[in-house]
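J.: My structure file run_18.cif, mmCIF, C-alpha atoms and all ligand atoms, is below:
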data_model
loop_
_atom_site.label_atom_id
_atom_site.label_comp_id
_atom_site.auth_asym_id
_atom_site.auth_seq_id
_atom_site.Cartn_x
_atom_site.Cartn_y
_atom_site.Cartn_z
CA MET A 1 0.00 0.00 0.00
CA GLN A 2 2.99 2.28 -0.40
CA ASN A 3 1.26 4.78 -2.69
CA LEU A 4 -2.02 4.93 -0.81
CA THR A 5 -2.44 7.93 1.45
CA ALA A 6 -5.48 9.83 2.61
CA THR A 7 -5.01 12.22 -0.29
CA THR A 8 -4.71 9.55 -2.96
CA VAL A 9 -7.59 7.35 -1.85
CA PRO A 10 -10.44 8.21 -4.23
CA GLU A 11 -13.59 9.69 -2.73
CA HIS A 12 -15.83 7.67 -5.02
CA VAL A 13 -15.08 4.29 -6.59
CA ALA A 14 -17.58 2.64 -8.93
CA ILE A 15 -17.26 -1.00 -9.91
CA ILE A 16 -18.67 -2.93 -12.85
CA MET A 17 -18.81 -6.35 -11.23
CA ASP A 18 -18.38 -8.63 -14.21
CA GLY A 19 -17.43 -12.28 -14.78
CA ASN A 20 -19.68 -14.22 -12.40
CA GLY A 21 -20.94 -16.43 -15.22
CA ARG A 22 -17.47 -17.21 -16.52
CA TRP A 23 -16.27 -17.98 -12.99
CA ALA A 24 -19.02 -20.57 -12.65
CA ASN A 25 -18.56 -21.95 -16.18
CA ALA A 26 -14.87 -22.52 -15.54
CA ARG A 27 -15.85 -24.78 -12.63
CA GLY A 28 -18.61 -26.60 -14.43
CA LEU A 29 -21.16 -24.90 -12.17
CA PRO A 30 -24.42 -23.15 -13.11
CA ARG A 31 -24.08 -19.37 -13.61
CA THR A 32 -26.12 -18.73 -10.49
CA MET A 33 -23.29 -20.15 -8.36
CA GLY A 34 -21.07 -17.44 -9.77
CA HIS A 35 -23.60 -14.80 -8.74
CA ARG A 36 -23.79 -16.33 -5.27
CA LYS A 37 -20.03 -16.21 -4.89
CA GLY A 38 -20.15 -12.66 -6.24
CA VAL A 39 -22.30 -11.58 -3.28
CA GLU A 40 -19.50 -12.65 -0.93
CA THR A 41 -17.13 -10.45 -2.92
CA VAL A 42 -19.58 -7.56 -2.51
CA ARG A 43 -19.46 -7.92 1.28
CA ALA A 44 -15.67 -7.95 1.28
CA ALA A 45 -15.41 -4.99 -1.11
CA VAL A 46 -17.73 -2.82 1.00
CA LYS A 47 -15.65 -3.65 4.07
CA THR A 48 -12.35 -2.87 2.36
CA ALA A 49 -13.67 0.37 0.88
CA GLY A 50 -14.94 1.51 4.28
CA GLU A 51 -11.63 0.70 5.98
CA LEU A 52 -9.69 2.66 3.38
CA GLY A 53 -11.80 5.77 3.84
CA ILE A 54 -13.51 5.66 0.44
CA ARG A 55 -16.66 7.76 0.93
CA TYR A 56 -18.80 6.37 -1.91
CA LEU A 57 -18.77 2.88 -3.43
CA THR A 58 -21.09 2.32 -6.38
CA LEU A 59 -21.70 -1.26 -7.45
CA PHE A 60 -23.32 -2.15 -10.77
CA ALA A 61 -25.63 -4.96 -9.68
CA PHE A 62 -28.15 -5.25 -12.52
CA SER A 63 -28.38 -3.28 -15.73
CA SER A 64 -31.47 -2.17 -17.59
CA GLU A 65 -30.21 -4.48 -20.37
CA ASN A 66 -29.79 -7.52 -18.10
CA TRP A 67 -33.55 -8.23 -18.40
CA SER A 68 -32.65 -9.83 -21.74
CA ARG A 69 -31.00 -12.75 -19.91
CA PRO A 70 -32.84 -16.05 -19.50
CA ALA A 71 -35.79 -15.69 -17.10
CA ALA A 72 -34.29 -18.16 -14.62
CA GLU A 73 -31.07 -16.15 -14.33
CA VAL A 74 -32.98 -12.87 -13.95
CA SER A 75 -35.06 -14.41 -11.21
CA ASP A 76 -31.91 -15.73 -9.48
CA LEU A 77 -30.37 -12.27 -9.56
CA MET A 78 -33.54 -10.69 -8.12
CA GLY A 79 -33.60 -13.34 -5.41
CA LEU A 80 -29.96 -12.69 -4.53
CA LEU A 81 -30.52 -8.96 -4.22
CA LYS A 82 -33.49 -9.52 -1.93
CA THR A 83 -31.56 -12.00 0.20
CA PHE A 84 -28.61 -9.63 0.37
CA ILE A 85 -30.77 -6.80 1.69
CA ARG A 86 -32.71 -9.01 4.09
CA ARG A 87 -29.55 -10.61 5.48
CA ASP A 88 -27.08 -7.76 5.38
CA LEU A 89 -29.12 -4.63 6.04
CA ALA A 90 -28.81 -4.89 9.83
CA ASP A 91 -25.03 -5.43 9.61
CA LEU A 92 -24.55 -2.58 7.14
CA HIS A 93 -26.63 -0.30 9.34
CA ARG A 94 -24.58 -1.25 12.39
CA GLU A 95 -21.43 -0.46 10.41
CA ASN A 96 -22.83 3.03 9.73
CA VAL A 97 -23.15 2.38 5.97
CA ARG A 98 -25.60 4.61 4.11
CA ILE A 99 -27.37 2.95 1.20
CA ARG A 100 -28.54 4.69 -1.97
CA VAL A 101 -30.13 2.95 -4.92
CA ILE A 102 -29.88 4.29 -8.48
CA GLY A 103 -31.78 2.99 -11.49
CA ASP A 104 -35.36 2.93 -12.71
CA ARG A 105 -37.79 2.15 -9.91
CA SER A 106 -40.95 2.07 -11.97
CA ASN A 107 -42.34 -1.33 -12.89
CA LEU A 108 -40.26 -3.24 -10.32
CA ARG A 109 -42.27 -6.25 -9.36
CA GLY A 110 -43.07 -7.85 -6.03
CA ASP A 111 -41.26 -6.92 -2.85
CA ILE A 112 -38.06 -5.61 -4.45
CA LEU A 113 -39.00 -1.94 -4.38
CA PRO A 114 -40.16 -1.93 -0.73
CA LEU A 115 -36.90 -3.64 0.26
CA LEU A 116 -34.78 -1.09 -1.61
CA VAL A 117 -36.75 1.76 -0.02
CA GLU A 118 -36.39 0.16 3.41
CA ALA A 119 -32.61 -0.10 2.93
CA GLU A 120 -32.42 3.58 2.02
CA GLU A 121 -34.76 4.73 4.78
CA THR A 122 -33.10 2.68 7.52
CA THR A 123 -29.61 3.94 6.70
CA ARG A 124 -30.47 7.49 5.61
CA ALA A 125 -28.84 9.21 8.60
CA ASN A 126 -25.70 7.06 8.65
CA THR A 127 -22.42 8.89 8.27
CA GLY A 128 -20.03 6.17 7.10
CA ILE A 129 -19.41 5.04 3.54
CA THR A 130 -22.29 5.44 1.08
CA LEU A 131 -22.98 2.21 -0.78
CA VAL A 132 -24.69 3.09 -4.04
CA ILE A 133 -26.43 0.08 -5.55
CA ALA A 134 -27.01 0.46 -9.29
CA PHE A 135 -30.03 -1.74 -9.83
CA ASN A 136 -32.12 -1.77 -13.00
CA TYR A 137 -29.67 0.93 -13.99
CA GLY A 138 -28.63 2.07 -17.44
CA ALA A 139 -27.10 5.47 -18.12
CA ARG A 140 -29.14 6.07 -21.25
CA ASP A 141 -32.32 5.21 -19.40
CA GLU A 142 -31.29 7.49 -16.52
CA MET A 143 -30.57 10.37 -18.89
CA THR A 144 -33.81 9.79 -20.78
CA ARG A 145 -35.81 9.97 -17.55
CA ALA A 146 -33.93 13.12 -16.52
CA MET A 147 -34.58 14.79 -19.88
CA ARG A 148 -38.28 13.95 -19.72
CA HIS A 149 -38.42 15.48 -16.26
CA LEU A 150 -36.72 18.70 -17.39
CA ALA A 151 -38.86 18.86 -20.53
CA ALA A 152 -41.99 18.55 -18.39
CA GLU A 153 -40.80 21.40 -16.18
CA VAL A 154 -40.22 23.56 -19.24
CA ALA A 155 -43.62 22.62 -20.66
CA GLU A 156 -45.28 23.60 -17.39
CA GLY A 157 -43.48 26.94 -17.45
CA ARG A 158 -41.48 26.22 -14.29
CA LEU A 159 -38.09 26.11 -16.03
CA ARG A 160 -36.55 28.18 -18.79
CA PRO A 161 -34.50 26.24 -21.38
CA GLU A 162 -31.58 28.61 -20.81
CA ASP A 163 -31.51 27.60 -17.15
CA ILE A 164 -30.65 24.02 -18.09
CA ASN A 165 -26.95 23.63 -17.41
CA PRO A 166 -24.65 20.75 -16.41
CA GLN A 167 -25.38 21.32 -12.70
CA ARG A 168 -29.11 21.21 -13.31
CA ILE A 169 -28.80 18.04 -15.37
CA ALA A 170 -26.58 16.37 -12.73
CA ALA A 171 -29.12 17.27 -10.06
CA THR A 172 -31.87 15.59 -12.09
CA LEU A 173 -30.00 12.31 -12.50
CA ASP A 174 -30.43 9.39 -10.09
CA THR A 175 -27.01 10.23 -8.63
CA SER A 176 -28.10 13.70 -7.49
CA GLY A 177 -25.95 14.77 -4.53
CA ILE A 178 -23.36 12.05 -5.11
CA PRO A 179 -19.97 13.23 -6.39
CA ASP A 180 -18.81 11.86 -9.75
CA PRO A 181 -16.78 8.66 -9.53
CA ASP A 182 -13.04 9.29 -9.42
CA LEU A 183 -12.35 5.74 -10.46
CA ILE A 184 -14.34 3.13 -12.35
CA ILE A 185 -13.05 -0.43 -12.06
CA ARG A 186 -14.31 -3.22 -14.29
CA THR A 187 -13.43 -6.83 -13.59
CA SER A 188 -13.19 -9.83 -15.96
CA GLY A 189 -10.99 -8.25 -18.62
CA GLU A 190 -13.83 -6.65 -20.58
CA GLU A 191 -12.91 -3.10 -21.50
CA ARG A 192 -16.19 -1.27 -21.95
CA LEU A 193 -18.64 0.73 -19.86
CA SER A 194 -21.79 -1.18 -20.82
CA ASN A 195 -24.05 1.85 -20.24
CA PHE A 196 -22.69 2.61 -16.75
CA LEU A 197 -22.50 6.20 -15.43
CA LEU A 198 -21.95 7.76 -18.85
CA TRP A 199 -22.56 11.32 -17.63
CA GLN A 200 -20.91 10.98 -14.23
CA GLY A 201 -17.88 9.13 -15.59
CA ALA A 202 -16.84 11.92 -17.95
CA TYR A 203 -13.51 12.34 -16.14
CA SER A 204 -13.30 9.10 -14.20
CA GLU A 205 -10.10 7.12 -14.32
CA LEU A 206 -10.79 3.69 -15.78
CA ILE A 207 -9.07 0.55 -14.58
CA PHE A 208 -9.78 -2.83 -16.12
CA VAL A 209 -8.60 -5.86 -14.19
CA PRO A 210 -8.49 -9.43 -15.54
CA GLU A 211 -9.86 -11.04 -12.36
CA LEU A 212 -13.44 -12.30 -12.54
CA TRP A 213 -15.66 -10.63 -9.93
CA PRO A 214 -15.78 -13.67 -7.57
CA ASP A 215 -11.95 -13.62 -7.59
CA PHE A 216 -11.72 -9.88 -6.82
CA THR A 217 -9.84 -9.83 -3.54
CA ARG A 218 -8.71 -7.11 -1.18
CA GLU A 219 -5.31 -7.34 -2.89
CA THR A 220 -6.86 -6.80 -6.34
CA PHE A 221 -8.74 -3.80 -4.96
CA LEU A 222 -5.62 -2.33 -3.36
CA ALA A 223 -3.59 -2.85 -6.53
CA ALA A 224 -6.22 -0.95 -8.54
CA LEU A 225 -6.19 1.88 -6.00
CA GLU A 226 -2.39 2.07 -6.15
CA LYS A 227 -2.57 2.29 -9.91
CA TYR A 228 -5.15 5.07 -9.58
CA ALA A 229 -2.86 6.90 -7.12
CA CYS A 230 -0.21 7.11 -9.86
CA ARG A 231 -2.56 8.59 -12.45
CA GLU A 232 -2.51 12.26 -13.25
CA ARG A 233 -5.97 13.75 -13.63
CA ARG A 234 -6.03 16.87 -15.75
CA PHE A 235 -9.74 17.54 -16.41
CA GLY A 236 -8.85 19.16 -19.69
CA GLY A 237 -6.24 21.41 -18.12
CA VAL A 238 -2.49 21.12 -18.11
CA SER A 239 -0.28 19.17 -15.74
CA GLU A 240 1.03 20.74 -12.53
CA PRO A 241 4.71 21.22 -13.53
CA THR A 242 3.72 23.20 -16.65
CA LEU A 243 1.43 25.36 -14.53
CA ALA A 244 4.26 26.11 -12.13
CA VAL A 245 6.49 27.41 -14.96
CA GLY A 246 4.05 30.14 -15.86
CA SER A 247 3.16 31.11 -12.29
C1 LIG A 301 -21.79 -9.97 -13.68
O1 LIG A 301 -21.41 -11.21 -14.15
C2 LIG A 301 -23.11 -9.99 -12.96
C3 LIG A 301 -24.19 -9.32 -13.68
C4 LIG A 301 -24.12 -8.76 -14.85
C5 LIG A 301 -25.47 -9.27 -13.01
P1 LIG A 301 -21.99 -11.79 -15.50
O2 LIG A 301 -23.24 -12.55 -15.20
O3 LIG A 301 -22.10 -10.75 -16.55
O4 LIG A 301 -20.83 -12.82 -15.87
P2 LIG A 301 -20.21 -13.08 -17.30
O5 LIG A 301 -19.80 -11.76 -17.86
O6 LIG A 301 -21.26 -13.74 -18.12
O7 LIG A 301 -19.05 -13.97 -17.03
C1 LIG A 302 -22.56 -5.04 -17.00
O1 LIG A 302 -22.16 -6.33 -17.26
C2 LIG A 302 -23.70 -5.02 -16.04
C3 LIG A 302 -23.39 -5.39 -14.65
C4 LIG A 302 -22.20 -5.64 -14.18
C5 LIG A 302 -24.52 -5.41 -13.76
P1 LIG A 302 -22.73 -7.17 -18.49
O2 LIG A 302 -22.09 -8.50 -18.40
O3 LIG A 302 -24.19 -7.13 -18.50
O4 LIG A 302 -22.18 -6.35 -19.75
P2 LIG A 302 -21.91 -6.80 -21.25
O5 LIG A 302 -23.17 -7.40 -21.75
O6 LIG A 302 -20.79 -7.78 -21.22
O7 LIG A 302 -21.51 -5.53 -21.96
MG MG A 303 -20.88 -10.00 -17.97
#
Can the structure from this file be put into structure tokens for me?
T.:
Amino acid sequence: MQNLTATTVPEHVAIIMDGNGRWANARGLPRTMGHRKGVETVRAAVKTAGELGIRYLTLFAFSSENWSRPAAEVSDLMGLLKTFIRRDLADLHRENVRIRVIGDRSNLRGDILPLLVEAEETTRANTGITLVIAFNYGARDEMTRAMRHLAAEVAEGRLRPEDINPQRIAATLDTSGIPDPDLIIRTSGEERLSNFLLWQGAYSELIFVPELWPDFTRETFLAALEKYACRERRFGGVSEPTLAVGS
């Protein structure tokens, strides 16, 4: 952990947890076993992130495109999310974790929505790490909903088009009030965003690791954070040494 200091630990890390299916396939197991194992990795990752002082951890749990998977797998994933909240909410609350859920909440069936709301309500006043669960989330869907909302405000005469600016848009997204991710990690060797945080990730550092999500250990996490600590973020500006010359 030589490069990790309080100043280099990112405030917000977002993770695309990928590779559960391949992890299971490689062992001759059904995909659902990979998802099950993946939940254990989630627990460990939240713990590690909290210990390191990361303030926000966003986990991509289910995308708006994942509904296209076989019905049995979708139902397994829903079941796992429900079990996770039922089993872990008390522990997370005790550990002062605040839970936020992003994604489309309309048309969620059964007891999923009440459970998500309960998780948010129970932990609302907690002051530790914020665990942002991206569930039924897709960035294009999120932006579409935000644009409809702003368009409705304009149509009703409550908003002038010229008052729409990046701040206003950000405040209309599901992530309102959450800082943009400093770092987005994707596991399993795939190097794409798959519709994750397209607005918020404009200046995120991206790190792709080969490990499948069930194999993502504390060491893998720390190695990614060390790599991040060595990156220079410029946000369209110039690097520090060049600035110093002119000043
Ligand atoms: C990530 O693992 C979990 C979800 C997308 C819900 P996958 O299920 O995508 O696993 P692979 O990519 O098929 O190995
Ligand atoms: C992204 O992984 C979604 C989640 C991790 C929840 P996918 O496995 O669904 O992405 P693609 O299909 O490989 O792009
Ligand atoms: Mg995948």
J.: List the spatial neighbours of Asn20 in chain A as a PDB file with C-alpha atoms, in the frame of the given file - criterion: any atom at most 9 Å away, all atoms listed in the file, same-chain residues fewer than 3 positions off excluded.
T.:
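The result, stored in around_18.pdb:
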ATOM      1  CA  MET A  17     -18.810  -6.350 -11.230  1.00  0.00           C
ATOM      2  CA  TRP A  23     -16.270 -17.980 -12.990  1.00  0.00           C
ATOM      3  CA  ALA A  24     -19.020 -20.570 -12.650  1.00  0.00           C
ATOM      4  CA  ASN A  25     -18.560 -21.950 -16.180  1.00  0.00           C
ATOM      5  CA  ARG A  31     -24.080 -19.370 -13.610  1.00  0.00           C
ATOM      6  CA  THR A  32     -26.120 -18.730 -10.490  1.00  0.00           C
ATOM      7  CA  MET A  33     -23.290 -20.150  -8.360  1.00  0.00           C
ATOM      8  CA  GLY A  34     -21.070 -17.440  -9.770  1.00  0.00           C
ATOM      9  CA  HIS A  35     -23.600 -14.800  -8.740  1.00  0.00           C
ATOM     10  CA  ARG A  36     -23.790 -16.330  -5.270  1.00  0.00           C
ATOM     11  CA  LYS A  37     -20.030 -16.210  -4.890  1.00  0.00           C
ATOM     12  CA  GLY A  38     -20.150 -12.660  -6.240  1.00  0.00           C
ATOM     13  CA  SER A 188     -13.190  -9.830 -15.960  1.00  0.00           C
ATOM     14  CA  LEU A 212     -13.440 -12.300 -12.540  1.00  0.00           C
ATOM     15  CA  TRP A 213     -15.660 -10.630  -9.930  1.00  0.00           C
ATOM     16  CA  PRO A 214     -15.780 -13.670  -7.570  1.00  0.00           C
TER      17      PRO A 214
END
J.: What is the distance, in Å and to one decimal place, between atom C3 of ligand LIG 301 (chain A) and CA of Arg148 in chain A?
T.: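 Between these atoms lies a distance of 27.9 Å.
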J.: Figure out the distance between atom O6 of ligand LIG 301 (chain A) and CA of Ser204 in chain A, please, to one decimal in Å.
T.: 24.5 Å
J.: Please return as a ChimeraX atom specification the residues found within 9 Å of ligand LIG 302 (chain A), counting only C-alpha atoms and all ligand atoms.
T.: /A:15-21,59-66,69,134-138,186-187,190-196
J.: Once you have the residues from the selection above, write them out as a compact mmCIF listing (two decimals), in the frame of the given file, restricted to C-alpha atoms.
T.:
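Generated output (again-v5.txt):
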# COMPACT_ATOMS: atom_id res chain seq x y z
CA ILE A 15 -17.26 -1.00 -9.91
CA ILE A 16 -18.67 -2.93 -12.85
CA MET A 17 -18.81 -6.35 -11.23
CA ASP A 18 -18.38 -8.63 -14.21
CA GLY A 19 -17.43 -12.28 -14.78
CA ASN A 20 -19.68 -14.22 -12.40
CA GLY A 21 -20.94 -16.43 -15.22
CA LEU A 59 -21.70 -1.26 -7.45
CA PHE A 60 -23.32 -2.15 -10.77
CA ALA A 61 -25.63 -4.96 -9.68
CA PHE A 62 -28.15 -5.25 -12.52
CA SER A 63 -28.38 -3.28 -15.73
CA SER A 64 -31.47 -2.17 -17.59
CA GLU A 65 -30.21 -4.48 -20.37
CA ASN A 66 -29.79 -7.52 -18.10
CA ARG A 69 -31.00 -12.75 -19.91
CA ALA A 134 -27.01 0.46 -9.29
CA PHE A 135 -30.03 -1.74 -9.83
CA ASN A 136 -32.12 -1.77 -13.00
CA TYR A 137 -29.67 0.93 -13.99
CA GLY A 138 -28.63 2.07 -17.44
CA ARG A 186 -14.31 -3.22 -14.29
CA THR A 187 -13.43 -6.83 -13.59
CA GLU A 190 -13.83 -6.65 -20.58
CA GLU A 191 -12.91 -3.10 -21.50
CA ARG A 192 -16.19 -1.27 -21.95
CA LEU A 193 -18.64 0.73 -19.86
CA SER A 194 -21.79 -1.18 -20.82
CA ASN A 195 -24.05 1.85 -20.24
CA PHE A 196 -22.69 2.61 -16.75
J.: Quick check, in Å to one decimal: how far apart do CA of Ile185 in chain A and CA of Val39 in chain A lie?
T.: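 Those two atoms sit 16.9 Å apart.
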J.: Using all atoms listed in the file, which residues sit within 10 Å of range 223-232 of chain A once same-chain residues fewer than 5 positions away are excluded, as a PyMOL selection string?
T.: chain A and resi 1-5+7-10+13+182-185+205-209+217-218+239-240
J.: Which one is closest to ligand LIG 301 (chain A): A:Ile129, A:Ala72, A:Ala151, A:Leu77? Count all atoms listed in the file.
T.: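 Ranked by minimum distance to ligand LIG 301 (chain A), first place goes to A:Leu77.
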J.: So which one's closest to Ala14 in chain A, A:Ala49, A:Thr58, A:Val74, A:Ala125? Using all atoms listed in the file, please.
T.: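 Closest to Ala14 in chain A of all the choices is A:Thr58.
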